[in-house]
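For reference, my_file01.txt is printed below; it contains compact mmCIF, N, CA and C atoms.
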# COMPACT_ATOMS: atom_id res chain seq x y z
N MET A 1 135.82 99.79 99.73
CA MET A 1 136.61 100.89 100.23
C MET A 1 136.24 102.13 99.43
N LYS A 2 135.93 103.17 100.12
CA LYS A 2 135.51 104.41 99.48
C LYS A 2 136.58 105.48 99.69
N VAL A 3 137.03 106.09 98.61
CA VAL A 3 138.02 107.17 98.70
C VAL A 3 137.29 108.48 98.57
N LYS A 4 137.52 109.36 99.53
CA LYS A 4 136.91 110.68 99.47
C LYS A 4 137.80 111.59 98.64
N GLU A 5 137.18 112.39 97.78
CA GLU A 5 137.95 113.34 97.00
C GLU A 5 138.45 114.45 97.90
N ARG A 6 139.51 115.06 97.47
CA ARG A 6 140.10 116.15 98.24
C ARG A 6 139.10 117.29 98.37
N ASP A 7 138.88 117.71 99.60
CA ASP A 7 137.96 118.82 99.86
C ASP A 7 138.63 120.14 99.52
N SER A 8 137.85 121.19 99.50
CA SER A 8 138.38 122.50 99.16
C SER A 8 139.09 123.16 100.35
N ASP A 9 139.15 122.46 101.50
CA ASP A 9 139.83 123.04 102.65
C ASP A 9 141.32 122.70 102.63
N LYS A 10 141.95 122.62 103.79
CA LYS A 10 143.40 122.48 103.89
C LYS A 10 143.92 121.06 103.69
N ARG A 11 143.09 120.08 103.45
CA ARG A 11 143.57 118.70 103.35
C ARG A 11 144.50 118.53 102.15
N ASN A 12 145.64 117.88 102.42
CA ASN A 12 146.61 117.61 101.37
C ASN A 12 146.59 116.17 100.91
N ASN A 13 145.96 115.29 101.68
CA ASN A 13 145.95 113.87 101.37
C ASN A 13 144.52 113.35 101.25
N GLU A 14 144.33 112.38 100.34
CA GLU A 14 143.02 111.76 100.21
C GLU A 14 142.72 110.94 101.44
N ARG A 15 141.47 110.94 101.86
CA ARG A 15 141.02 110.14 102.98
C ARG A 15 140.36 108.87 102.44
N ILE A 16 140.59 107.77 103.12
CA ILE A 16 139.97 106.50 102.74
C ILE A 16 139.10 106.06 103.91
N ASP A 17 137.83 105.76 103.62
CA ASP A 17 136.91 105.29 104.65
C ASP A 17 137.23 103.84 105.00
N LEU A 18 137.91 103.64 106.11
CA LEU A 18 138.26 102.30 106.59
C LEU A 18 138.02 102.23 108.08
N SER A 19 137.52 101.07 108.52
CA SER A 19 137.25 100.86 109.92
C SER A 19 138.29 99.91 110.50
N PHE A 20 139.14 100.43 111.40
CA PHE A 20 140.17 99.65 112.08
C PHE A 20 140.04 99.91 113.58
N ALA A 21 140.53 98.97 114.37
CA ALA A 21 140.60 99.19 115.81
C ALA A 21 141.72 100.19 116.09
N ILE A 22 141.44 101.12 116.99
CA ILE A 22 142.45 102.09 117.40
C ILE A 22 142.54 102.07 118.91
N SER A 23 143.78 102.02 119.42
CA SER A 23 144.00 102.00 120.86
C SER A 23 144.68 103.29 121.28
N LEU A 24 144.17 103.85 122.36
CA LEU A 24 144.69 105.09 122.94
C LEU A 24 144.93 104.81 124.42
N PRO A 25 145.62 105.66 125.14
CA PRO A 25 145.84 105.41 126.56
C PRO A 25 144.51 105.21 127.31
N GLY A 26 144.30 104.00 127.83
CA GLY A 26 143.10 103.70 128.60
C GLY A 26 141.81 103.73 127.81
N GLN A 27 141.89 103.64 126.49
CA GLN A 27 140.71 103.82 125.66
C GLN A 27 140.86 103.06 124.35
N ASP A 28 139.78 102.48 123.87
CA ASP A 28 139.76 101.86 122.55
C ASP A 28 138.68 102.53 121.73
N GLY A 29 138.88 102.56 120.41
CA GLY A 29 137.92 103.16 119.51
C GLY A 29 137.98 102.50 118.16
N GLU A 30 137.40 103.19 117.18
CA GLU A 30 137.35 102.66 115.82
C GLU A 30 137.53 103.79 114.82
N THR A 31 138.41 103.56 113.83
CA THR A 31 138.62 104.60 112.82
C THR A 31 137.40 104.69 111.91
N ARG A 32 137.18 105.86 111.38
CA ARG A 32 136.13 106.09 110.37
C ARG A 32 136.77 106.39 109.02
N ASN A 33 137.86 107.15 109.03
CA ASN A 33 138.65 107.36 107.81
C ASN A 33 140.08 107.66 108.19
N ILE A 34 140.97 107.45 107.23
CA ILE A 34 142.39 107.60 107.50
C ILE A 34 143.08 108.13 106.25
N SER A 35 144.14 108.88 106.43
CA SER A 35 144.96 109.36 105.31
C SER A 35 146.41 109.28 105.74
N ALA A 36 147.31 109.69 104.88
CA ALA A 36 148.74 109.67 105.21
C ALA A 36 149.07 110.66 106.31
N SER A 37 148.23 111.67 106.51
CA SER A 37 148.55 112.71 107.48
C SER A 37 147.70 112.69 108.75
N GLY A 38 146.67 111.83 108.80
CA GLY A 38 145.84 111.81 110.00
C GLY A 38 144.76 110.77 109.96
N VAL A 39 143.94 110.78 111.01
CA VAL A 39 142.87 109.81 111.16
C VAL A 39 141.69 110.47 111.85
N TYR A 40 140.48 110.03 111.47
CA TYR A 40 139.27 110.44 112.17
C TYR A 40 138.72 109.18 112.81
N PHE A 41 138.48 109.22 114.12
CA PHE A 41 138.00 108.03 114.82
C PHE A 41 136.92 108.40 115.81
N GLU A 42 136.23 107.36 116.31
CA GLU A 42 135.21 107.54 117.32
C GLU A 42 135.55 106.71 118.55
N VAL A 43 135.29 107.30 119.71
CA VAL A 43 135.46 106.62 120.99
C VAL A 43 134.23 106.90 121.85
N ILE A 44 134.02 106.04 122.82
CA ILE A 44 132.98 106.30 123.83
C ILE A 44 133.72 106.63 125.11
N THR A 45 133.46 107.82 125.64
CA THR A 45 134.21 108.30 126.80
C THR A 45 133.36 109.23 127.66
N ASN A 46 133.71 109.30 128.92
CA ASN A 46 133.14 110.31 129.82
C ASN A 46 134.14 111.43 130.05
N ASP A 47 135.35 111.30 129.49
CA ASP A 47 136.41 112.28 129.68
C ASP A 47 136.68 113.02 128.37
N ILE A 48 135.79 113.92 128.01
CA ILE A 48 135.94 114.68 126.76
C ILE A 48 137.21 115.53 126.79
N GLU A 49 137.62 116.01 127.96
CA GLU A 49 138.82 116.84 128.06
C GLU A 49 140.08 116.10 127.62
N ALA A 50 140.09 114.76 127.73
CA ALA A 50 141.25 113.98 127.29
C ALA A 50 141.45 114.10 125.78
N PHE A 51 140.40 114.55 125.07
CA PHE A 51 140.44 114.67 123.61
C PHE A 51 140.29 116.12 123.16
N ALA A 52 140.75 117.04 124.00
CA ALA A 52 140.67 118.47 123.68
C ALA A 52 141.64 118.81 122.55
N PRO A 53 141.24 119.72 121.65
CA PRO A 53 142.14 120.16 120.58
C PRO A 53 143.47 120.65 121.14
N GLY A 54 144.56 120.25 120.46
CA GLY A 54 145.90 120.61 120.90
C GLY A 54 146.57 119.53 121.73
N THR A 55 145.79 118.56 122.22
CA THR A 55 146.34 117.47 123.02
C THR A 55 147.10 116.50 122.13
N ILE A 56 148.29 116.12 122.56
CA ILE A 56 149.08 115.13 121.82
C ILE A 56 148.94 113.80 122.53
N ILE A 57 148.52 112.77 121.77
CA ILE A 57 148.30 111.45 122.36
C ILE A 57 148.97 110.36 121.52
N PRO A 58 149.43 109.29 122.19
CA PRO A 58 149.94 108.14 121.45
C PRO A 58 148.77 107.30 120.94
N ILE A 59 148.94 106.70 119.77
CA ILE A 59 147.90 105.85 119.20
C ILE A 59 148.52 104.58 118.64
N GLN A 60 147.66 103.58 118.50
CA GLN A 60 148.04 102.36 117.80
C GLN A 60 146.83 101.88 117.01
N ILE A 61 147.00 101.72 115.71
CA ILE A 61 145.93 101.25 114.83
C ILE A 61 146.28 99.82 114.42
N THR A 62 145.32 98.91 114.56
CA THR A 62 145.52 97.53 114.16
C THR A 62 144.77 97.29 112.85
N ALA A 63 145.51 96.84 111.84
CA ALA A 63 144.92 96.62 110.51
C ALA A 63 145.29 95.22 110.03
N THR A 64 144.48 94.69 109.13
CA THR A 64 144.75 93.41 108.50
C THR A 64 145.12 93.65 107.06
N THR A 65 146.27 93.11 106.64
CA THR A 65 146.69 93.25 105.25
C THR A 65 146.25 92.01 104.48
N SER A 66 145.90 92.22 103.24
CA SER A 66 145.44 91.12 102.40
C SER A 66 146.09 91.28 101.03
N THR A 67 146.93 90.30 100.68
CA THR A 67 147.61 90.29 99.39
C THR A 67 147.27 88.96 98.71
N PRO A 68 146.76 89.00 97.47
CA PRO A 68 146.43 87.74 96.79
C PRO A 68 147.63 86.78 96.78
N GLY A 69 147.38 85.53 97.15
CA GLY A 69 148.42 84.51 97.17
C GLY A 69 149.18 84.41 98.48
N PHE A 70 148.89 85.30 99.42
CA PHE A 70 149.57 85.28 100.72
C PHE A 70 148.54 85.25 101.84
N GLU A 71 148.96 84.78 103.01
CA GLU A 71 148.08 84.78 104.17
C GLU A 71 147.82 86.21 104.63
N GLU A 72 146.64 86.43 105.21
CA GLU A 72 146.36 87.72 105.81
C GLU A 72 147.26 87.90 107.03
N ARG A 73 147.70 89.12 107.25
CA ARG A 73 148.54 89.42 108.41
C ARG A 73 148.02 90.66 109.10
N ASN A 74 148.13 90.64 110.41
CA ASN A 74 147.80 91.83 111.18
C ASN A 74 149.05 92.68 111.31
N VAL A 75 148.88 93.98 111.16
CA VAL A 75 149.98 94.91 111.39
C VAL A 75 149.48 95.98 112.35
N ARG A 76 150.40 96.53 113.10
CA ARG A 76 150.08 97.62 114.01
C ARG A 76 150.80 98.87 113.53
N LEU A 77 150.06 99.95 113.44
CA LEU A 77 150.62 101.25 113.09
C LEU A 77 150.68 102.05 114.39
N LYS A 78 151.88 102.44 114.77
CA LYS A 78 152.05 103.06 116.08
C LYS A 78 152.73 104.42 115.93
N GLY A 79 152.24 105.39 116.70
CA GLY A 79 152.82 106.72 116.67
C GLY A 79 152.06 107.63 117.61
N GLU A 80 152.11 108.92 117.29
CA GLU A 80 151.35 109.89 118.08
C GLU A 80 150.83 110.99 117.18
N GLY A 81 149.83 111.68 117.70
CA GLY A 81 149.24 112.74 116.91
C GLY A 81 148.67 113.84 117.79
N CYS A 82 148.32 114.92 117.14
CA CYS A 82 147.75 116.09 117.81
C CYS A 82 146.27 116.19 117.45
N ILE A 83 145.42 116.28 118.46
CA ILE A 83 143.99 116.38 118.21
C ILE A 83 143.68 117.75 117.60
N VAL A 84 143.01 117.73 116.46
CA VAL A 84 142.66 118.94 115.73
C VAL A 84 141.27 119.43 116.13
N ARG A 85 140.33 118.49 116.28
CA ARG A 85 138.96 118.85 116.68
C ARG A 85 138.26 117.61 117.21
N ASN A 86 137.15 117.85 117.91
CA ASN A 86 136.30 116.76 118.36
C ASN A 86 134.86 117.24 118.36
N ASN A 87 133.94 116.30 118.35
CA ASN A 87 132.53 116.65 118.46
C ASN A 87 131.76 115.46 119.04
N VAL A 88 130.78 115.76 119.89
CA VAL A 88 129.94 114.73 120.47
C VAL A 88 128.94 114.28 119.41
N LYS A 89 129.00 112.99 119.07
CA LYS A 89 128.11 112.42 118.05
C LYS A 89 126.81 111.93 118.67
N ASP A 90 126.90 111.45 119.93
CA ASP A 90 125.75 110.82 120.57
C ASP A 90 126.07 110.68 122.06
N VAL A 91 125.06 110.55 122.87
CA VAL A 91 125.23 110.26 124.28
C VAL A 91 124.62 108.88 124.52
N THR A 92 125.44 107.96 125.05
CA THR A 92 124.98 106.59 125.29
C THR A 92 125.01 106.31 126.79
N THR A 93 124.53 105.15 127.18
CA THR A 93 124.57 104.77 128.59
C THR A 93 126.00 104.52 129.05
N GLN A 94 126.94 104.24 128.11
CA GLN A 94 128.34 104.03 128.47
C GLN A 94 129.15 105.33 128.48
N GLY A 95 128.61 106.39 127.91
CA GLY A 95 129.33 107.66 127.84
C GLY A 95 129.04 108.38 126.54
N ASN A 96 129.81 109.42 126.26
CA ASN A 96 129.64 110.20 125.04
C ASN A 96 130.35 109.51 123.87
N ARG A 97 129.65 109.37 122.74
CA ARG A 97 130.31 108.88 121.53
C ARG A 97 130.91 110.11 120.87
N LEU A 98 132.24 110.16 120.86
CA LEU A 98 132.96 111.34 120.45
C LEU A 98 133.70 111.08 119.14
N GLY A 99 133.54 111.98 118.17
CA GLY A 99 134.31 111.93 116.93
C GLY A 99 135.55 112.79 117.11
N VAL A 100 136.71 112.24 116.75
CA VAL A 100 137.98 112.94 116.99
C VAL A 100 138.81 112.95 115.71
N ALA A 101 139.27 114.14 115.31
CA ALA A 101 140.19 114.27 114.18
C ALA A 101 141.59 114.47 114.75
N LEU A 102 142.53 113.65 114.29
CA LEU A 102 143.89 113.66 114.82
C LEU A 102 144.87 113.76 113.67
N GLU A 103 145.84 114.67 113.79
CA GLU A 103 146.89 114.83 112.78
C GLU A 103 148.15 114.14 113.30
N PHE A 104 148.73 113.25 112.49
CA PHE A 104 149.93 112.54 112.89
C PHE A 104 151.08 113.53 113.05
N LYS A 105 151.89 113.34 114.10
CA LYS A 105 153.06 114.19 114.33
C LYS A 105 154.21 113.81 113.39
N ASP A 106 154.39 112.52 113.17
CA ASP A 106 155.42 111.97 112.29
C ASP A 106 154.82 110.77 111.58
N LYS A 107 155.60 110.16 110.71
CA LYS A 107 155.15 108.92 110.08
C LYS A 107 154.93 107.87 111.16
N LEU A 108 153.92 107.02 110.95
CA LEU A 108 153.66 105.95 111.90
C LEU A 108 154.65 104.81 111.70
N ASN A 109 155.00 104.15 112.79
CA ASN A 109 155.84 102.96 112.71
C ASN A 109 154.96 101.76 112.41
N ILE A 110 155.43 100.87 111.55
CA ILE A 110 154.69 99.67 111.20
C ILE A 110 155.32 98.50 111.93
N LEU A 111 154.52 97.83 112.76
CA LEU A 111 154.99 96.71 113.55
C LEU A 111 154.19 95.46 113.18
N PRO A 112 154.82 94.40 112.66
CA PRO A 112 154.07 93.17 112.36
C PRO A 112 153.65 92.50 113.67
N ASP A 113 152.47 91.91 113.67
CA ASP A 113 152.02 91.17 114.85
C ASP A 113 152.81 89.88 114.94
N LEU A 114 153.24 89.56 116.13
CA LEU A 114 153.96 88.31 116.34
C LEU A 114 152.94 87.21 116.65
N ILE A 115 153.13 86.07 116.02
CA ILE A 115 152.17 84.97 116.21
C ILE A 115 152.73 83.99 117.21

Output the structure of this file as structure tokens.
Amino acid sequence: MKVKERDSDKRNNERIDLSFAISLPGQDGETRNISASGVYFEVITNDIEAFAPGTIIPIQITATTSTPGFEERNVRLKGEGCIVRNNVKDVTTQGNRLGVALEFKDKLNILPDLI
């Protein structure tokens, strides 16, 4: 796990480079980094307008927790955020690989996975 130092821009929270599954309406992606205030993720889409800056979207991040001496557990982090920026990273046969920066609107809810 790599922690990025605070940049000289407006970021108030440290970002951690972690890859988790992220679910959006009609779309799945993967996180690239996450902090207490937001997430940067990538999706493959043909609908770039769905990820326009200013758009508020619901998200769900699925993560696995690991504590020594205990079983691993999946948790879901659920909430919504406002898209701050996006950029086309690549064009694939399935669509545009889009990088999206999203700022959380509120704290995310933590939901344990039911087995």

>> Could you list, as number ranges by chain, every residue within 6 Å of segment 54-69 of chain A, counting only N, CA and C atoms and ignoring same-chain residues fewer than 5 positions away?
In response: A: 20-25, 74-84

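The space separating atom CA of Thr31 of chain A from atom N of Ser19 of chain A comes to 5.7 Å.
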
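Using all atoms listed in the file, the shortest contact distance between Tyr40 of chain A and any of A:Lys89, A:Gln94, A:Ala101, A:Lys107 is found at A:Ala101.
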
> Got a sec to tell me which of chain A DSSP assigns to strand (DSSP E or B), as a ChimeraX atom specification?
Replying inline: /A:2-4,15-17,21-24,27-34,38-45,56-65,73-92,95-104,109-112

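Between atom CA of Ile48 of chain A and atom CA of Lys105 of chain A the interatomic distance comes to 21.2 Å.
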
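Separating atom C of Ala52 of chain A from atom N of Leu108 of chain A is a distance of 20.6 Å.
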
> From the set A:Asn109, A:Thr92, A:Asn13, A:Asn87, which residue has the shortest atom-to-atom contact distance to Ile34 of chain A, counting only C-alpha atoms?
Replying inline: A:Asn13

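Candidate residues A:Glu71, A:Asp106, A:Glu42, A:Asp90 were compared for distance to Gln27 of chain A, and the nearest is A:Glu42, using only C-alpha atoms.
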
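Among the candidates A:Arg97, A:Leu18, A:Glu72, A:Ser35, the residue lying nearest to Asp47 of chain A is A:Arg97 (atoms considered: only C-alpha atoms).
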
> With distances taken over only C-alpha atoms, which of A:Gly26, A:Ala36, A:Asn46, A:Val100 is nearest to Asn12 of chain A?
Replying inline: A:Ala36

Using all atoms of segment 96-102 of chain A listed in the file and a margin of 4 Å per side, can you give the axis-aligned box centre and edge lengths in Å to one decimal, as AutoDock Vina command-line options?
--center_x 137.3 --center_y 111.7 --center_z 120.0 --size_x 23.2 --size_y 13.6 --size_z 20.6
